[in-house]
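query_18.cif (mmCIF, C-alpha atoms)
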```cif
data_run
loop_
_atom_site.group_PDB
_atom_site.id
_atom_site.type_symbol
_atom_site.label_atom_id
_atom_site.label_comp_id
_atom_site.auth_asym_id
_atom_site.auth_seq_id
_atom_site.Cartn_x
_atom_site.Cartn_y
_atom_site.Cartn_z
ATOM 1 C CA MET A 13 -22.941 19.069 20.386
ATOM 2 C CA VAL A 14 -19.766 19.391 18.335
ATOM 3 C CA THR A 15 -16.631 20.265 20.297
ATOM 4 C CA LEU A 16 -13.783 21.977 18.472
ATOM 5 C CA ASP A 17 -10.315 20.883 19.530
ATOM 6 C CA PHE A 18 -7.605 23.207 18.188
ATOM 7 C CA GLY A 19 -5.034 21.076 19.963
ATOM 8 C CA THR A 20 -5.377 18.398 17.258
ATOM 9 C CA LEU A 21 -4.004 20.915 14.741
ATOM 10 C CA THR A 22 -1.002 22.011 16.793
ATOM 11 C CA VAL A 23 0.420 18.624 17.772
ATOM 12 C CA PRO A 24 3.151 17.224 15.462
ATOM 13 C CA VAL A 25 0.781 14.770 13.739
ATOM 14 C CA GLY A 26 -1.758 17.508 13.095
ATOM 15 C CA ILE A 27 0.864 19.837 11.614
ATOM 16 C CA VAL A 28 2.170 17.063 9.372
ATOM 17 C CA ARG A 29 -1.347 16.279 8.140
ATOM 18 C CA MET A 30 -2.060 19.921 7.310
ATOM 19 C CA MET A 31 1.138 20.059 5.269
ATOM 20 C CA GLU A 32 0.111 16.834 3.511
ATOM 21 C CA VAL A 33 -3.198 18.428 2.532
ATOM 22 C CA VAL A 34 -1.433 21.480 1.108
ATOM 23 C CA LEU A 35 1.177 19.521 -0.848
ATOM 24 C CA THR A 36 -1.196 16.944 -2.346
ATOM 25 C CA CYS A 37 -3.555 19.779 -3.309
ATOM 26 C CA ILE A 38 -0.695 21.596 -5.063
ATOM 27 C CA SER A 39 0.322 18.383 -6.834
ATOM 28 C CA PHE A 40 -3.026 17.591 -8.419
ATOM 29 C CA SER A 41 -3.738 21.281 -9.087
ATOM 30 C CA LEU A 42 -0.502 21.710 -11.049
ATOM 31 C CA VAL A 43 -1.159 18.568 -13.064
ATOM 32 C CA ALA A 44 -4.834 19.397 -13.650
ATOM 33 C CA SER A 45 -3.931 22.885 -14.900
ATOM 34 C CA GLY A 46 -1.692 21.395 -17.578
ATOM 35 C CA ALA A 47 -2.331 18.987 -20.393
ATOM 36 C CA HIS A 48 -4.711 16.156 -19.554
ATOM 37 C CA SER A 49 -4.099 12.573 -20.564
ATOM 38 C CA THR A 50 -6.094 9.362 -20.835
ATOM 39 C CA ASN A 51 -3.004 7.336 -19.947
ATOM 40 C CA SER A 52 -3.661 4.954 -17.041
ATOM 41 C CA PHE A 53 -0.467 6.096 -15.278
ATOM 42 C CA TRP A 54 -1.601 9.744 -15.419
ATOM 43 C CA THR A 55 -5.002 8.735 -14.052
ATOM 44 C CA TRP A 56 -3.369 6.748 -11.244
ATOM 45 C CA CYS A 57 -1.226 9.695 -10.163
ATOM 46 C CA MET A 58 -4.180 12.098 -10.174
ATOM 47 C CA PHE A 59 -6.314 9.624 -8.242
ATOM 48 C CA THR A 60 -3.522 9.172 -5.679
ATOM 49 C CA TRP A 61 -3.123 12.858 -4.948
ATOM 50 C CA CYS A 62 -6.890 13.539 -4.871
ATOM 51 C CA PHE A 63 -7.618 10.472 -2.723
ATOM 52 C CA CYS A 64 -4.896 11.294 -0.197
ATOM 53 C CA PHE A 65 -5.931 14.960 -0.107
ATOM 54 C CA CYS A 66 -9.600 14.166 0.548
ATOM 55 C CA LEU A 67 -9.040 11.478 3.157
ATOM 56 C CA THR A 68 -6.365 13.440 5.043
ATOM 57 C CA LEU A 69 -8.661 16.459 5.106
ATOM 58 C CA LEU A 70 -11.495 14.249 6.386
ATOM 59 C CA ILE A 71 -9.282 12.869 9.169
ATOM 60 C CA LEU A 72 -8.289 16.400 10.193
ATOM 61 C CA PHE A 73 -11.932 17.511 10.242
ATOM 62 C CA LEU A 74 -13.161 14.523 12.258
ATOM 63 C CA GLU A 75 -10.416 14.887 14.859
ATOM 64 C CA PHE A 76 -10.850 18.684 15.022
ATOM 65 C CA THR A 77 -14.576 18.276 15.726
ATOM 66 C CA HIS A 78 -14.131 15.131 17.888
ATOM 67 C CA LEU A 79 -16.522 13.319 15.575
ATOM 68 C CA ASN A 80 -13.920 10.573 15.201
ATOM 69 C CA THR A 81 -15.070 9.273 18.583
ATOM 70 C CA LYS A 82 -18.512 8.639 17.065
ATOM 71 C CA VAL A 83 -17.175 6.535 14.189
ATOM 72 C CA PRO A 84 -17.597 2.809 14.961
ATOM 73 C CA ILE A 85 -14.086 1.793 13.924
ATOM 74 C CA ALA A 86 -10.666 1.454 15.528
ATOM 75 C CA TRP A 87 -9.632 5.036 14.773
ATOM 76 C CA ASP A 88 -5.894 4.733 15.522
ATOM 77 C CA ASP A 89 -5.674 1.597 13.400
ATOM 78 C CA PHE A 90 -7.503 3.335 10.574
ATOM 79 C CA THR A 91 -5.363 6.483 10.552
ATOM 80 C CA THR A 92 -2.088 4.545 10.768
ATOM 81 C CA ALA A 93 -3.144 2.135 8.025
ATOM 82 C CA PHE A 94 -4.167 5.051 5.825
ATOM 83 C CA ALA A 95 -0.860 6.846 6.455
ATOM 84 C CA MET A 96 1.007 3.700 5.400
ATOM 85 C CA LEU A 97 -1.172 3.290 2.315
ATOM 86 C CA ALA A 98 -0.779 6.962 1.389
ATOM 87 C CA THR A 99 2.989 6.669 1.794
ATOM 88 C CA LEU A 100 3.110 3.811 -0.691
ATOM 89 C CA MET A 101 0.662 5.399 -3.145
ATOM 90 C CA VAL A 102 2.394 8.785 -3.167
ATOM 91 C CA LEU A 103 5.793 7.098 -3.496
ATOM 92 C CA ALA A 104 4.514 5.240 -6.568
ATOM 93 C CA ALA A 105 3.074 8.460 -8.017
ATOM 94 C CA SER A 106 6.334 10.310 -7.317
ATOM 95 C CA ILE A 107 8.202 7.714 -9.385
ATOM 96 C CA ILE A 108 5.662 7.122 -12.163
ATOM 97 C CA TYR A 109 4.731 10.730 -12.946
ATOM 98 C CA PRO A 110 8.234 12.129 -13.603
ATOM 99 C CA THR A 111 9.164 8.975 -15.522
ATOM 100 C CA PHE A 112 6.441 9.452 -18.142
ATOM 101 C CA PHE A 113 5.202 13.044 -17.971
ATOM 102 C CA THR A 114 8.055 15.426 -17.159
ATOM 103 C CA CYS A 115 10.837 17.009 -19.194
ATOM 104 C CA SER A 116 13.623 19.475 -18.487
ATOM 105 C CA SER A 117 11.489 22.424 -19.641
ATOM 106 C CA CYS A 118 8.175 21.314 -18.092
ATOM 107 C CA GLY A 119 7.680 23.669 -15.153
ATOM 108 C CA LYS A 120 4.338 22.446 -13.809
ATOM 109 C CA PRO A 121 5.118 18.711 -14.014
ATOM 110 C CA ILE A 122 8.442 19.299 -12.268
ATOM 111 C CA GLY A 123 6.681 21.313 -9.568
ATOM 112 C CA ALA A 124 4.087 18.563 -9.122
ATOM 113 C CA THR A 125 6.870 15.995 -8.814
ATOM 114 C CA VAL A 126 8.669 18.021 -6.143
ATOM 115 C CA THR A 127 5.519 18.546 -4.058
ATOM 116 C CA SER A 128 4.627 14.865 -4.457
ATOM 117 C CA CYS A 129 8.042 13.818 -3.174
ATOM 118 C CA LEU A 130 7.646 16.155 -0.201
ATOM 119 C CA ALA A 131 4.182 14.707 0.462
ATOM 120 C CA PHE A 132 5.699 11.218 0.453
ATOM 121 C CA ILE A 133 8.227 12.291 3.099
ATOM 122 C CA LEU A 134 5.431 13.752 5.223
ATOM 123 C CA TYR A 135 3.263 10.630 5.018
ATOM 124 C CA ALA A 136 6.270 8.489 5.942
ATOM 125 C CA THR A 137 6.846 10.837 8.884
ATOM 126 C CA GLU A 138 3.218 10.401 9.938
ATOM 127 C CA VAL A 139 3.663 6.627 9.925
ATOM 128 C CA GLY A 140 6.643 7.055 12.239
ATOM 129 C CA LEU A 141 4.658 9.347 14.540
ATOM 130 C CA THR A 142 1.531 7.195 14.752
ATOM 131 C CA ARG A 143 2.904 3.671 14.801
ATOM 132 C CA ALA A 144 3.051 1.895 18.145
ATOM 133 C CA LYS A 145 6.215 2.356 20.171
ATOM 134 C CA PRO A 146 7.805 -0.579 22.059
ATOM 135 C CA GLY A 147 5.856 -1.271 25.240
ATOM 136 C CA GLU A 148 2.749 0.636 24.181
ATOM 137 C CA ILE A 149 -0.682 -1.006 24.210
ATOM 138 C CA SER A 150 -2.190 -0.282 20.827
ATOM 139 C CA GLY A 151 -4.121 -1.667 17.885
ATOM 140 C CA PHE A 152 -2.656 -4.244 15.535
ATOM 141 C CA LEU A 153 -2.334 -1.982 12.493
ATOM 142 C CA THR A 154 -0.175 0.496 14.415
ATOM 143 C CA THR A 155 2.463 -2.208 14.950
ATOM 144 C CA VAL A 156 5.131 -3.337 12.488
ATOM 145 C CA PRO A 157 3.219 -6.533 11.515
ATOM 146 C CA GLY A 158 0.101 -4.440 10.898
ATOM 147 C CA LEU A 159 1.984 -1.990 8.681
ATOM 148 C CA LEU A 160 3.494 -4.935 6.825
ATOM 149 C CA LYS A 161 -0.017 -6.213 6.099
ATOM 150 C CA VAL A 162 -0.821 -2.894 4.388
ATOM 151 C CA LEU A 163 2.437 -3.136 2.434
ATOM 152 C CA GLU A 164 1.718 -6.709 1.356
ATOM 153 C CA ALA A 165 -1.770 -5.809 0.162
ATOM 154 C CA PHE A 166 -0.495 -2.787 -1.764
ATOM 155 C CA VAL A 167 2.240 -4.778 -3.513
ATOM 156 C CA ALA A 168 -0.351 -7.404 -4.465
ATOM 157 C CA CYS A 169 -2.466 -4.640 -6.016
ATOM 158 C CA ILE A 170 0.502 -3.581 -8.152
ATOM 159 C CA ILE A 171 0.899 -7.185 -9.273
ATOM 160 C CA PHE A 172 -2.800 -7.400 -10.188
ATOM 161 C CA THR A 173 -2.607 -4.234 -12.304
ATOM 162 C CA CYS A 174 0.266 -5.755 -14.302
ATOM 163 C CA LEU A 175 -1.422 -9.096 -14.939
ATOM 164 C CA ASP A 176 -2.646 -9.945 -18.426
ATOM 165 C CA HIS A 177 -5.038 -12.890 -18.704
ATOM 166 C CA SER A 178 -3.768 -13.776 -22.158
ATOM 167 C CA GLN A 179 -0.272 -14.283 -20.739
ATOM 168 C CA TYR A 180 -0.825 -16.247 -17.556
ATOM 169 C CA SER A 181 -3.772 -18.350 -18.733
ATOM 170 C CA LYS A 182 -1.533 -20.396 -21.051
ATOM 171 C CA PHE A 183 0.375 -22.178 -18.280
ATOM 172 C CA PRO A 184 -0.916 -23.925 -15.123
ATOM 173 C CA GLY A 185 2.191 -22.718 -13.290
ATOM 174 C CA LEU A 186 1.326 -19.065 -13.895
ATOM 175 C CA ASN A 187 -2.269 -19.753 -12.858
ATOM 176 C CA TRP A 188 -0.907 -21.083 -9.578
ATOM 177 C CA CYS A 189 1.089 -17.884 -9.087
ATOM 178 C CA VAL A 190 -2.033 -15.773 -9.635
ATOM 179 C CA ALA A 191 -3.843 -17.960 -7.091
ATOM 180 C CA VAL A 192 -1.000 -17.322 -4.612
ATOM 181 C CA TYR A 193 -1.233 -13.563 -5.106
ATOM 182 C CA SER A 194 -5.021 -13.651 -4.749
ATOM 183 C CA MET A 195 -5.231 -15.831 -1.633
ATOM 184 C CA CYS A 196 -2.549 -13.894 0.240
ATOM 185 C CA PHE A 197 -4.123 -10.585 -0.765
ATOM 186 C CA ILE A 198 -7.567 -11.669 0.415
ATOM 187 C CA PHE A 199 -6.208 -12.711 3.813
ATOM 188 C CA ALA A 200 -4.283 -9.435 4.223
ATOM 189 C CA LEU A 201 -7.404 -7.483 3.278
ATOM 190 C CA LEU A 202 -9.491 -9.474 5.778
ATOM 191 C CA VAL A 203 -6.998 -8.769 8.566
ATOM 192 C CA ILE A 204 -7.022 -5.040 7.780
ATOM 193 C CA THR A 205 -10.817 -4.905 7.523
ATOM 194 C CA PHE A 206 -11.453 -6.940 10.667
ATOM 195 C CA THR A 207 -8.942 -4.867 12.645
ATOM 196 C CA ILE A 208 -10.373 -1.510 11.625
ATOM 197 C CA GLY A 209 -13.922 -2.797 12.125
ATOM 198 C CA ARG A 210 -13.067 -4.234 15.576
ATOM 199 C CA LEU A 211 -14.135 -7.697 14.449
ATOM 200 C CA LEU A 212 -11.038 -9.712 15.400
ATOM 201 C CA ALA A 213 -13.059 -11.537 18.044
ATOM 202 C CA LEU A 214 -14.905 -13.295 15.205
ATOM 203 C CA PHE A 215 -11.789 -15.266 14.258
ATOM 204 C CA PRO A 216 -12.392 -18.962 15.119
ATOM 205 C CA ALA A 217 -8.998 -19.215 16.874
ATOM 206 C CA PRO A 218 -6.623 -16.846 18.700
ATOM 207 C CA PHE A 219 -5.769 -14.095 16.248
ATOM 208 C CA ASP A 220 -1.995 -14.168 16.775
ATOM 209 C CA LYS A 221 -1.832 -17.921 16.076
ATOM 210 C CA VAL A 222 -4.030 -17.635 12.980
ATOM 211 C CA LEU A 223 -1.819 -14.794 11.754
ATOM 212 C CA THR A 224 1.373 -16.781 12.303
ATOM 213 C CA CYS A 225 0.075 -19.878 10.513
ATOM 214 C CA CYS A 226 -1.165 -17.862 7.543
ATOM 215 C CA ASN A 227 2.111 -15.941 7.320
ATOM 216 C CA VAL A 228 4.120 -19.175 7.265
ATOM 217 C CA LEU A 229 1.809 -20.530 4.575
ATOM 218 C CA ALA A 230 2.141 -17.293 2.588
ATOM 219 C CA VAL A 231 5.946 -17.511 2.722
ATOM 220 C CA LEU A 232 5.883 -21.071 1.384
ATOM 221 C CA MET A 233 3.438 -20.143 -1.377
ATOM 222 C CA TYR A 234 5.379 -17.040 -2.406
ATOM 223 C CA MET A 235 8.600 -19.079 -2.502
ATOM 224 C CA THR A 236 7.033 -21.230 -5.205
ATOM 225 C CA ALA A 237 5.802 -18.149 -7.084
ATOM 226 C CA VAL A 238 9.267 -16.539 -7.004
ATOM 227 C CA VAL A 239 10.609 -19.542 -8.913
ATOM 228 C CA ILE A 240 7.646 -20.443 -11.130
ATOM 229 C CA TRP A 241 6.672 -16.985 -12.423
ATOM 230 C CA PRO A 242 9.992 -16.055 -14.108
ATOM 231 C CA VAL A 243 10.550 -19.603 -15.399
ATOM 232 C CA TYR A 244 7.257 -19.686 -17.302
ATOM 233 C CA SER A 245 7.219 -15.969 -18.160
ATOM 234 C CA PHE A 246 10.681 -15.574 -19.701
ATOM 235 C CA GLN A 247 11.395 -19.029 -21.104
ATOM 236 C CA ASN A 248 11.643 -18.598 -24.898
ATOM 237 C CA ASN A 249 10.156 -15.130 -24.457
ATOM 238 C CA PRO A 250 12.813 -12.416 -24.966
ATOM 239 C CA ARG A 251 11.982 -8.722 -24.840
ATOM 240 C CA PRO A 252 10.512 -7.587 -28.194
ATOM 241 C CA ASN A 253 12.609 -5.155 -30.224
ATOM 242 C CA HIS A 254 9.643 -2.815 -30.700
ATOM 243 C CA CYS A 255 9.116 -2.595 -26.922
ATOM 244 C CA SER A 256 9.795 1.106 -26.363
ATOM 245 C CA PRO A 257 9.653 2.769 -23.927
ATOM 246 C CA ILE A 258 7.547 0.132 -22.158
ATOM 247 C CA CYS A 259 5.265 -2.684 -23.237
ATOM 248 C CA GLN A 260 3.375 -5.651 -21.845
ATOM 249 C CA TRP A 261 6.581 -7.692 -21.549
ATOM 250 C CA ASP A 262 7.917 -5.215 -18.997
ATOM 251 C CA ASN A 263 4.934 -5.996 -16.775
ATOM 252 C CA LEU A 264 6.316 -9.518 -16.428
ATOM 253 C CA VAL A 265 9.512 -8.044 -15.005
ATOM 254 C CA VAL A 266 7.534 -5.847 -12.600
ATOM 255 C CA ILE A 267 5.546 -8.858 -11.392
ATOM 256 C CA SER A 268 8.744 -10.875 -10.876
ATOM 257 C CA PHE A 269 10.307 -8.060 -8.851
ATOM 258 C CA MET A 270 7.179 -7.440 -6.797
ATOM 259 C CA THR A 271 6.847 -11.160 -6.076
ATOM 260 C CA CYS A 272 10.365 -11.175 -4.616
ATOM 261 C CA PHE A 273 9.613 -7.989 -2.684
ATOM 262 C CA ASN A 274 6.431 -9.415 -1.185
ATOM 263 C CA LEU A 275 8.229 -12.639 -0.255
ATOM 264 C CA ILE A 276 10.704 -10.587 1.777
ATOM 265 C CA ALA A 277 7.816 -8.691 3.389
ATOM 266 C CA TYR A 278 6.079 -11.942 4.349
ATOM 267 C CA ILE A 279 9.328 -13.384 5.766
ATOM 268 C CA VAL A 280 9.800 -10.300 7.960
ATOM 269 C CA ASP A 281 6.121 -10.457 8.921
ATOM 270 C CA THR A 282 6.472 -14.126 9.870
ATOM 271 C CA VAL A 283 9.540 -13.428 12.004
ATOM 272 C CA TYR A 284 7.648 -10.751 13.918
ATOM 273 C CA SER A 285 4.621 -13.025 14.330
ATOM 274 C CA VAL A 286 6.711 -15.936 15.606
ATOM 275 C CA ARG A 287 8.471 -13.665 18.084
ATOM 276 C CA LEU A 288 5.104 -12.357 19.245
ATOM 277 C CA VAL A 289 3.528 -15.797 19.740
ATOM 278 C CA PHE A 290 6.399 -17.984 20.951
ATOM 279 C CA ILE A 291 9.295 -15.857 22.219
ATOM 280 C CA SER A 292 7.443 -13.065 24.026
ATOM 281 C CA ARG A 293 5.451 -15.641 26.024
ATOM 282 C CA THR A 294 8.415 -17.677 27.238
#
```
Please, can you express the file's structure as structure tokens?
Amino acid sequence: MVTLDFGTLTVPVGIVRMMEVVLTCISFSLVASGAHSTNSFWTWCMFTWCFCFCLTLLILFLEFTHLNTKVPIAWDDFTTAFAMLATLMVLAASIIYPTFFTCSSCGKPIGATVTSCLAFILYATEVGLTRAKPGEISGFLTTVPGLLKVLEAFVACIIFTCLDHSQYSKFPGLNWCVAVYSMCFIFALLVITFTIGRLLALFPAPFDKVLTCCNVLAVLMYMTAVVIWPVYSFQNNPRPNHCSPICQWDNLVVISFMTCFNLIAYIVDTVYSVRLVFISRT
């Protein structure tokens, strides 16, 4: 029998989620009521708002009806990981959409941008409310290293969307960089999937030690990519004069920046992992 729990809607997290539903709904409704576009950036923004709206509404419904207890996953890990992912996706949409689709006299696009920015703030607030506090016993994805894994995977996805096979296939060095992005992304995705699916016991060694070793390896690999990618990408390859407002060359800059960003994320992740394994046990 389904039990309705109105308390899940009145706690701070519940209130924040309801506001997220309203704001993401307003965002995609305003954009959908205006001119449509086949541009991939427009599609990404619409997908972001619709995806976050639907999944947040589903989380609210499952917790309101207590059906979340019947779902065979680590629920707290799932909701925190989704909040982190939604924060990053909505942030990207809040930057991309006004950059390409708004103007000073465009009322609906400006309104969609404002509500998207507010939704980003709310999702970031939800991450702060749901993440594990010091001393709490909780799932991995509710901790800082777990949230960093979501960040690392998301940044890798941005890198993948900017890759062009015709550009990186010419040089073995760039192929190595793509291999670095792919291997690190696959491991991050495995950690997220195994955590949410409560499958960490299947790791052949203690999870914290496996995580630390892979993070150290990822840092070393990303350090090579930070150097190799710009060297091969920009050597004798200046920005074309006809490149306006953006072109494929700009994707090389985005990849270079995101590679540096992910290196920093992996360094922070490694520091946390080392502290967890070696310092906290001494």
- Evaluate the PyMOL selection byres ((chain A and resi 141) around 12) on the structure here and hand back the selected residues as a list in words.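 The output of the PyMOL selection byres ((chain A and resi 141) around 12) on this file is Val23, Pro24, Val25, Gly26, Ile27, Val28, Arg29, Asp88, Thr91, Thr92, Ala95, Met96, Leu134, Tyr135, Ala136, Thr137, Glu138, Val139, Gly140, Thr142, Arg143, Ala144, Lys145, Thr154 and Thr155 of chain A.
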- So what does the PyMOL selection byres ((chain A and resi 224) around 12) actually pick up in this one, as an MDAnalysis selection string? chainID A and resid 157 217:223 225:231 278:290
- Item | Of the listed residues A:Ala168, A:Leu153, A:Val14, A:Ala200, that which approaches Lys82 of chain A most closely, counting all atoms listed in the file |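 For Lys82 of chain A, the nearest of the given residues is A:Val14.
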- Once the PyMOL selection byres ((chain A and resi 236) around 12) has been applied to the shown file, what residues remain in the selection, as a list in words?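 Taken over the shown coordinates, the PyMOL selection byres ((chain A and resi 236) around 12) returns Gly185, Leu186, Trp188, Cys189, Val190, Ala191, Val192, Tyr193, Leu229, Ala230, Val231, Leu232, Met233, Tyr234, Met235, Ala237, Val238, Val239, Ile240, Trp241, Pro242, Val243, Ser268, Thr271, Cys272 and Leu275 of chain A.
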- Length of the atom CA of Thr77 of chain A to atom CA of Phe65 of chain A vector [Å]: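 Interatomic distance here is 18.3 Å.
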- Message: Using Å and a single decimal, report how far atom CA of Ile133 of chain A sits from atom CA of Glu164 of chain A.
- Response: 20.2 Å
